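*Asks:* Here's a structure for you.
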Protein chains: 2
Amino acid sequence: MTLPLTHPLRDGRTAHSAVVRAYSGDRPERLPVWFMRQAGRSLPEYRAAREGTGMLEACLTPELSSEITVQPVLRHGVDAGIFFSDIVVPLRLAGVDVDIASGVGPVLGAPVRTADDVARLVDRGPLTPEALEPISAGVALAVAQLGTTPLLGFAGAPFTLAAYLVEGRPSRDHLAARTLMHADPETWTALTGWAADVTGAFLRAQVLAGASAVQLFDSWAGALSAADYVAHAAPASTRALSHVADLGVKVVHFGTGTEHLLTAMRDVGADVVGVDYRTPLDQANKLLGGTVPLQGNLDPALLAAPWPVLEAHVRDVVERGAAAPSHVVNLGHGVPPTTDPAVLTRVVTLVHELGA
Amino acid sequence: MTLPLTHPLRDGRTAHSAVVRAYSGDRPERLPVWFMRQAGRSLPEYRAAREGTGMLEACLTPELSSEITVQPVLRHGVDAGIFFSDIVVPLRLAGVDVDIASGVGPVLGAPVRTADDVARLVDRGPLTPEALEPISAGVALAVAQLGTTPLLGFAGAPFTLAAYLVEGRPSRDHLAARTLMHADPETWTALTGWAADVTGAFLRAQVLAGASAVQLFDSWAGALSAADYVAHAAPASTRALSHVADLGVKVVHFGTGTEHLLTAMRDVGADVVGVDYRTPLDQANKLLGGTVPLQGNLDPALLAAPWPVLEAHVRDVVERGAAAPSHVVNLGHGVPPTTDPAVLTRVVTLVHELGA
């Protein structure tokens with residue numbers, strides 16, 4: 001299978017965009033930049049669009065998800081849109097009782113803790129194209145509005161999904177999930193395998209509907225030792241990415257607190273490694289052998305600092321990124337909700353000046 | 001100044017204990033073990049003692065803090081007691097409006113965000129011996145009961161204290177604190193300097209009252225890049241430790257997610273590095289040049305796994321620890337509240353068998 005003829009990568013709309021080229025290891029004329037969580041609470045137009053609509057409901061309403069996806073591209077002039085969604089959306093599409101509690105994050109109706117719980121989950125089977133219809137429709141609407149600006153697909157990695165399923169809510173240490181992976185590796189493998197297929201199907205639907213590249217987020221991978229990551233998380237991430245392997249789109253892989261996992265996170269099948277703000281890009285490049293396109297890694301904390309401090313930081317990140325084969329400027333974590341949008345626009349302008 | 005004549009390190013009670021010897025780089029006959037948060041919610045006798053008493057109130061009631069400190073030593077036969085306290089206790093002693101909210105953690109009445117806020121804090125001055133009286137008394141009572149088992153003193157590192165002060169509550173990314181350190185380094189230095197003196201005085205009081213070694217906890221240091229740690233956190237940690245430098249007790253330094261900071265955390269003046277569960281001890285030893293006594297690093301998640309899985313893990317940690325100059329077995333983070341105390345006792349027995 002290849003991409004549909006009308007896909008932006010095939011019909012030429014985005015194949016030569018700065019982001020797609022940089023993800024391929026090229027150094028385009030323009031240094032590309034986008035921001036994780038650029039579509040979200042920092043924008044007044046987002047808060048207006050979301051008013052009265054729950055987070056997951058917004059993700060599943062194509063008119064809304066597409067509008068929110070396009071908002072930051074129009075406002076900031078970033079070089080890519082990222083599809084507005086949430087890591088747990090594919091779980092909801094699979095019929096899992098999950099919602100986003102304000103100020104808390106994803107909360108499950110009942111955590112998945114036992115072999116029986118996991119068996120019942122696996123019995124739900126994979127996501128059907130019908131279930132994915134709101135996603136395909138939202139992506140298609142966004143892609144139509146974005147023109148030559150690429151849309152990036154988005155999905156959570158199976159370990160992070162499994163951590164939410166087992167804990168039932170956000171947690172610092174993911175103790176219950178990490179206990180399960182050691183106490184009952186067979187059940188853990190079944191759980192993460194199911195999560196891989198669900199999140200892989202979610203990613204594939206976005207690509208087929210027009211996403212020009214994808215990013216896999218493993219928000220909690222940093223809680224694992226390298227040995228645990230390789231043994232108990234990486235196989236499912238490889239399986240998730242196998243769902244888009246025949247489509248020829250580049251894959252970015254990102255997690256936080258993952259300096260000790262950078263090579264392992266590349267080896268699951270990523271083309272680009274997203275680096276969090278803790279690891280300087282020149283050091284990340286060294287750890288990765290100097291062969292991997294990098295994305296990142298402005299410190300979100302500096303978005304609230306005076307402009308001269310932030311400007312010096314942007315310049316430093318761009319300089320360090322020059323060590324890598326190619327570089328897409330981004331944050332080293334998501335946009336904080338309290339960020340002044342004008343600051344993000346100013347960063348985009350500066351990055352484009354520096355890269356010119 | 002040296003230790004009082006009746007101090008357990010001077011009068012010979014604890015100088016030859018396995019923990020004190022291992023902290024000095026010796027390999028005693030007995031492989032020592034204790035657990036971070038061993039005095040706490042996993043013990044029914046703790047829950048009984050605490051009933052009806054708030055966390056900070058318990059920390060400041062010498063009869064209670066000493067009883068709780070001694071409980072796990074009596075039950076498990078661990079090789080050290082750790083003084084029952086909380087990172088924010090010295091803030092409370094300094095008059096800061098802080099409490100521990102159940103299920104949340106430390107919550108401040110008002111966060112400390114501006115130069116004026118910090119100036120008001122600094123105006124409170126250092127902790128007086130009178131303010132520290134409940135701590136000195138609690139330590140003395142515990143030391144009297146512990147006999148030849150050393151008591152370890154406990155304090156939070158200035159960065160972690162400052163993070164709580166600025167955020168006003170626990171936070172994942174410590175964005176406001178990290179913004180302040182870059183946006184207004186002068187105010188940040190004043191804040192962490194004050195925190196260093198307060199937490200240093202808290203540590204000193206524990207040593208003078210009979211603690212045979214101390215542990216500095218930098219719970220949130222892992223949120224920092226190495227460059228930020230060295231520039232904006234390490235100087236205050238050095239200053240905190242200078243408060244006990246003349247007393248000749250060994251200092252353990254611990255944080256989580258700190259593989260990238262191990263050498264920097266040693267260099268603030270630590271004798272022993274506590275390693276979290278993410279970094280295998282043989283690797284930590286290599287990163288530290290093979291010259292530093294190590295403490296750690298059983299994965300708390302495995303305390304809830306079947307015994308054969310946990311036993312294999314304990315054996316692996318002990319084997320890897322053999323690479324270091326010396327090793328005090330501990331967890332790679334605190335005891336989870338849901339831990340079966342019988343499992344901890346069994347781990348102690350196994351460690352002592354393995355080390356014999």
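Scheme for the structure tokens: letters A, B, ... for chains in order shown; per-chain residue numbers from 1; ligand numbers from 1 in order shown.
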Could you please tell me, as a PyMOL selection string, which residues of chain B have an atom within 10 Å of chain A when using only C-alpha atoms?

*Replies:* chain B and resi 172-184+222-228+256-260+276-280+299-310+333+336

*Asks:* Using the selection just defined, write its residues with C-alpha atoms as a compact mmCIF listing (two decimals), in the first residue's frame.

*Replies:*
# COMPACT_ATOMS: atom_id res chain seq x y z
CA ARG B 172 5.84 18.03 37.31
CA ASP B 173 8.01 20.53 35.47
CA HIS B 174 8.72 23.23 38.08
CA LEU B 175 8.21 25.77 35.32
CA ALA B 176 7.79 28.83 37.54
CA ALA B 177 10.90 27.99 39.55
CA ARG B 178 12.92 27.34 36.44
CA THR B 179 11.68 30.54 34.85
CA LEU B 180 12.72 32.54 37.92
CA MET B 181 16.26 31.13 37.91
CA HIS B 182 16.77 32.45 34.37
CA ALA B 183 14.58 35.54 34.43
CA ASP B 184 15.96 36.95 37.69
CA GLY B 222 16.27 15.66 37.72
CA ALA B 223 14.11 18.38 36.15
CA LEU B 224 17.25 20.41 35.43
CA SER B 225 19.76 20.18 32.62
CA ALA B 226 23.32 19.59 33.82
CA ALA B 227 24.23 23.19 32.93
CA ASP B 228 21.30 24.59 34.93
CA THR B 256 15.61 10.91 41.00
CA GLY B 257 16.07 11.02 37.25
CA THR B 258 19.58 12.31 37.85
CA GLU B 259 21.79 10.02 35.76
CA HIS B 260 23.01 13.11 33.89
CA ASP B 276 17.78 6.01 41.61
CA TYR B 277 16.38 2.77 40.15
CA ARG B 278 16.85 3.91 36.54
CA THR B 279 20.65 3.65 36.50
CA PRO B 280 22.32 0.27 37.15
CA ASP B 299 13.23 -0.63 42.07
CA PRO B 300 10.31 0.13 44.42
CA ALA B 301 7.95 -1.23 41.75
CA LEU B 302 9.39 -4.71 42.31
CA LEU B 303 8.45 -4.73 46.01
CA ALA B 304 4.96 -5.71 44.82
CA ALA B 305 6.17 -8.42 42.41
CA PRO B 306 6.24 -12.15 43.31
CA TRP B 307 9.17 -13.04 45.57
CA PRO B 308 11.23 -14.91 42.94
CA VAL B 309 11.15 -11.81 40.69
CA LEU B 310 12.11 -9.53 43.58
CA HIS B 333 13.17 5.87 45.53
CA PRO B 336 5.49 2.91 48.30

*Asks:* Any idea what the distance is between atom CA of Ala80 of chain B and atom CA of Val314 of chain B?

*Replies:*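 If I compute the distance from atom CA of Ala80 of chain B to atom CA of Val314 of chain B, I get 18.6 Å.
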
*Asks:* List every residue of segment 267-313 of chain B that DSSP, applied to the backbone of this structure, places in alpha helix (DSSP H), and write the result as a list in words.

*Replies:* Asp267, Leu281, Asp282, Gln283, Ala284, Asn285, Lys286, Leu287, Trp307, Pro308, Val309, Leu310, Glu311, Ala312 and His313 of chain B

*Asks:* Next, dump the selected residues to file, keeping only all heavy atoms, as a CSV table (one decimal), in the first residue's frame.

*Replies:*
chain,number,residue,atom,x,y,z
B,267,ASP,N,30.0,16.5,43.4
B,267,ASP,CA,30.9,17.6,43.5
B,267,ASP,C,30.4,18.7,44.4
B,267,ASP,O,31.2,19.6,44.7
B,267,ASP,CB,31.2,18.2,42.1
B,267,ASP,CG,32.1,17.1,41.3
B,267,ASP,OD1,32.6,16.2,41.9
B,267,ASP,OD2,32.2,17.3,40.1
B,281,LEU,N,23.8,0.1,39.1
B,281,LEU,CA,24.9,0.6,39.9
B,281,LEU,C,26.3,0.5,39.3
B,281,LEU,O,27.2,1.3,39.5
B,281,LEU,CB,24.9,-0.2,41.3
B,281,LEU,CG,23.7,0.2,42.2
B,281,LEU,CD1,23.9,-0.6,43.5
B,281,LEU,CD2,23.7,1.7,42.5
B,282,ASP,N,26.5,-0.6,38.5
B,282,ASP,CA,27.8,-0.7,37.8
B,282,ASP,C,28.0,0.5,36.8
B,282,ASP,O,29.1,1.0,36.7
B,282,ASP,CB,28.0,-2.0,37.1
B,282,ASP,CG,26.8,-2.4,36.2
B,282,ASP,OD1,25.7,-1.9,36.4
B,282,ASP,OD2,26.9,-3.3,35.4
B,283,GLN,N,26.9,0.9,36.2
B,283,GLN,CA,27.0,2.1,35.3
B,283,GLN,C,27.2,3.4,36.1
B,283,GLN,O,28.0,4.2,35.7
B,283,GLN,CB,25.7,2.1,34.5
B,283,GLN,CG,25.8,3.1,33.3
B,283,GLN,CD,24.5,3.2,32.5
B,283,GLN,OE1,23.8,2.2,32.5
B,283,GLN,NE2,24.2,4.3,31.9
B,284,ALA,N,26.5,3.5,37.2
B,284,ALA,CA,26.7,4.7,38.0
B,284,ALA,C,28.1,4.8,38.5
B,284,ALA,O,28.7,5.8,38.5
B,284,ALA,CB,25.7,4.7,39.2
B,285,ASN,N,28.6,3.6,38.9
B,285,ASN,CA,30.0,3.6,39.4
B,285,ASN,C,31.0,4.0,38.3
B,285,ASN,O,31.9,4.7,38.6
B,285,ASN,CB,30.3,2.1,39.8
B,285,ASN,CG,31.7,2.0,40.4
B,285,ASN,OD1,32.1,2.7,41.3
B,285,ASN,ND2,32.5,1.2,39.8
B,286,LYS,N,30.7,3.6,37.1
B,286,LYS,CA,31.6,4.0,35.9
B,286,LYS,C,31.5,5.5,35.7
B,286,LYS,O,32.5,6.2,35.6
B,286,LYS,CB,31.1,3.2,34.7
B,286,LYS,CG,32.3,2.9,33.7
B,286,LYS,CD,31.8,2.0,32.5
B,286,LYS,CE,31.6,0.6,32.9
B,286,LYS,NZ,31.0,-0.2,31.9
B,287,LEU,N,30.3,6.0,35.7
B,287,LEU,CA,30.1,7.4,35.5
B,287,LEU,C,30.8,8.3,36.6
B,287,LEU,O,31.3,9.4,36.3
B,287,LEU,CB,28.6,7.8,35.5
B,287,LEU,CG,27.7,7.3,34.3
B,287,LEU,CD1,26.3,7.5,34.6
B,287,LEU,CD2,28.1,8.1,33.1
B,307,TRP,N,7.9,-13.0,44.9
B,307,TRP,CA,9.2,-13.0,45.6
B,307,TRP,C,10.3,-13.5,44.6
B,307,TRP,O,11.4,-12.9,44.6
B,307,TRP,CB,9.1,-13.9,46.8
B,307,TRP,CG,10.5,-14.1,47.4
B,307,TRP,CD1,11.3,-15.2,47.4
B,307,TRP,CD2,11.3,-13.0,48.1
B,307,TRP,NE1,12.5,-14.9,48.1
B,307,TRP,CE2,12.5,-13.6,48.5
B,307,TRP,CE3,11.0,-11.7,48.4
B,307,TRP,CZ2,13.5,-12.9,49.1
B,307,TRP,CZ3,12.0,-10.9,49.0
B,307,TRP,CH2,13.2,-11.5,49.4
B,308,PRO,N,10.1,-14.5,43.8
B,308,PRO,CA,11.2,-14.9,42.9
B,308,PRO,C,11.7,-13.8,42.0
B,308,PRO,O,12.9,-13.7,41.8
B,308,PRO,CB,10.7,-16.1,42.1
B,308,PRO,CG,9.5,-16.6,42.9
B,308,PRO,CD,8.9,-15.4,43.6
B,309,VAL,N,10.8,-12.9,41.5
B,309,VAL,CA,11.2,-11.8,40.7
B,309,VAL,C,11.9,-10.8,41.5
B,309,VAL,O,13.0,-10.3,41.1
B,309,VAL,CB,9.9,-11.2,40.1
B,309,VAL,CG1,10.2,-9.9,39.3
B,309,VAL,CG2,9.1,-12.2,39.2
B,310,LEU,N,11.4,-10.5,42.7
B,310,LEU,CA,12.1,-9.5,43.6
B,310,LEU,C,13.5,-10.1,44.0
B,310,LEU,O,14.5,-9.3,44.0
B,310,LEU,CB,11.2,-9.2,44.8
B,310,LEU,CG,11.8,-8.3,45.9
B,310,LEU,CD1,12.3,-7.0,45.3
B,310,LEU,CD2,10.8,-8.0,47.0
B,311,GLU,N,13.5,-11.3,44.4
B,311,GLU,CA,14.8,-11.9,44.8
B,311,GLU,C,15.9,-11.8,43.7
B,311,GLU,O,17.0,-11.4,44.0
B,311,GLU,CB,14.6,-13.4,45.2
B,311,GLU,CG,15.9,-14.0,45.7
B,311,GLU,CD,15.8,-15.5,46.2
B,311,GLU,OE1,14.7,-16.0,46.1
B,311,GLU,OE2,16.9,-16.0,46.5
B,312,ALA,N,15.5,-12.1,42.5
B,312,ALA,CA,16.5,-12.0,41.4
B,312,ALA,C,16.9,-10.6,41.3
B,312,ALA,O,18.1,-10.3,41.0
B,312,ALA,CB,15.8,-12.5,40.1
B,313,HIS,N,16.0,-9.7,41.5
B,313,HIS,CA,16.4,-8.2,41.3
B,313,HIS,C,17.3,-7.8,42.4
B,313,HIS,O,18.3,-7.1,42.2
B,313,HIS,CB,15.1,-7.4,41.4
B,313,HIS,CG,15.3,-5.9,41.3
B,313,HIS,ND1,16.0,-5.3,40.2
B,313,HIS,CD2,15.0,-4.9,42.1
B,313,HIS,CE1,16.0,-4.0,40.5
B,313,HIS,NE2,15.4,-3.8,41.6

*Asks:* Extract the full set of strand (DSSP E) residues from segment 258-297 of chain B according to DSSP on the backbone, and format it as a VMD selection string.

*Replies:* chain B and resid 272 to 274 294 to 297

*Asks:* For Val214 of chain A, work out the shell of residues within 6 Å, counting only C-alpha atoms and skipping chain neighbours fewer than 5 positions away, then give it as a ChimeraX atom specification.

*Replies:* /A:152-154,251

*Asks:* Need the shell around Asp79 of chain A: protein/DNA/RNA residues with any atom at most 7 Å away, counting only C-alpha atoms. Skip same-chain ones fewer than 2 positions apart. Format as an NGL selection string?

*Replies:* :A and (19 or 32-34 or 77 or 149)

*Asks:* Which distance in Å separates atom CA of His327 of chain A and atom CA of Gln295 of chain A, to one decimal?

*Replies:*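 The value is 5.6 Å.
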
*Asks:* Residues near Leu56 of chain B, anyone? I mean within 10 Å using only C-alpha atoms, not counting same-chain ones fewer than 5 positions away, as a list in words.

*Replies:*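 Listing them by chain and then by number gives Thr61, Ser65, Ser85, Asp86, Val88, Val89, Arg92, Val98, Asp99, Ile100 and Pro106 of chain B.
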
*Asks:* Within 8 Å of Gln38 of chain A, counting only C-alpha atoms, which residues show up once you throw out same-chain ones fewer than 4 positions away? Write them as a ChimeraX atom specification, please.

*Replies:* /A:34,42,72,82,334-335

*Asks:* Residues of the last selection are to be written out with C-alpha atoms, as a CSV table (one decimal), in the first residue's frame.

*Replies:*
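To be explicit, this is the file written out as again10.csv:
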chain,number,residue,atom,x,y,z
A,34,TRP,CA,6.8,24.2,15.3
A,42,SER,CA,-2.2,29.4,25.3
A,72,PRO,CA,-1.4,28.3,15.5
A,82,ILE,CA,0.2,19.1,14.6
A,334,GLY,CA,4.8,21.3,25.5
A,335,VAL,CA,3.8,25.0,25.4

*Asks:* Separation of atom CA of Val317 of chain B and atom CA of Thr349 of chain B, in Å?

*Replies:* 14.9 Å

*Asks:* Calculated over only C-alpha atoms, which of the candidates A:Ala190, A:Ala157, A:Leu208, A:Ala221 has the smallest distance to Ala137 of chain A?

*Replies:*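 Counting only C-alpha atoms, the residue closest to Ala137 of chain A is A:Leu208.
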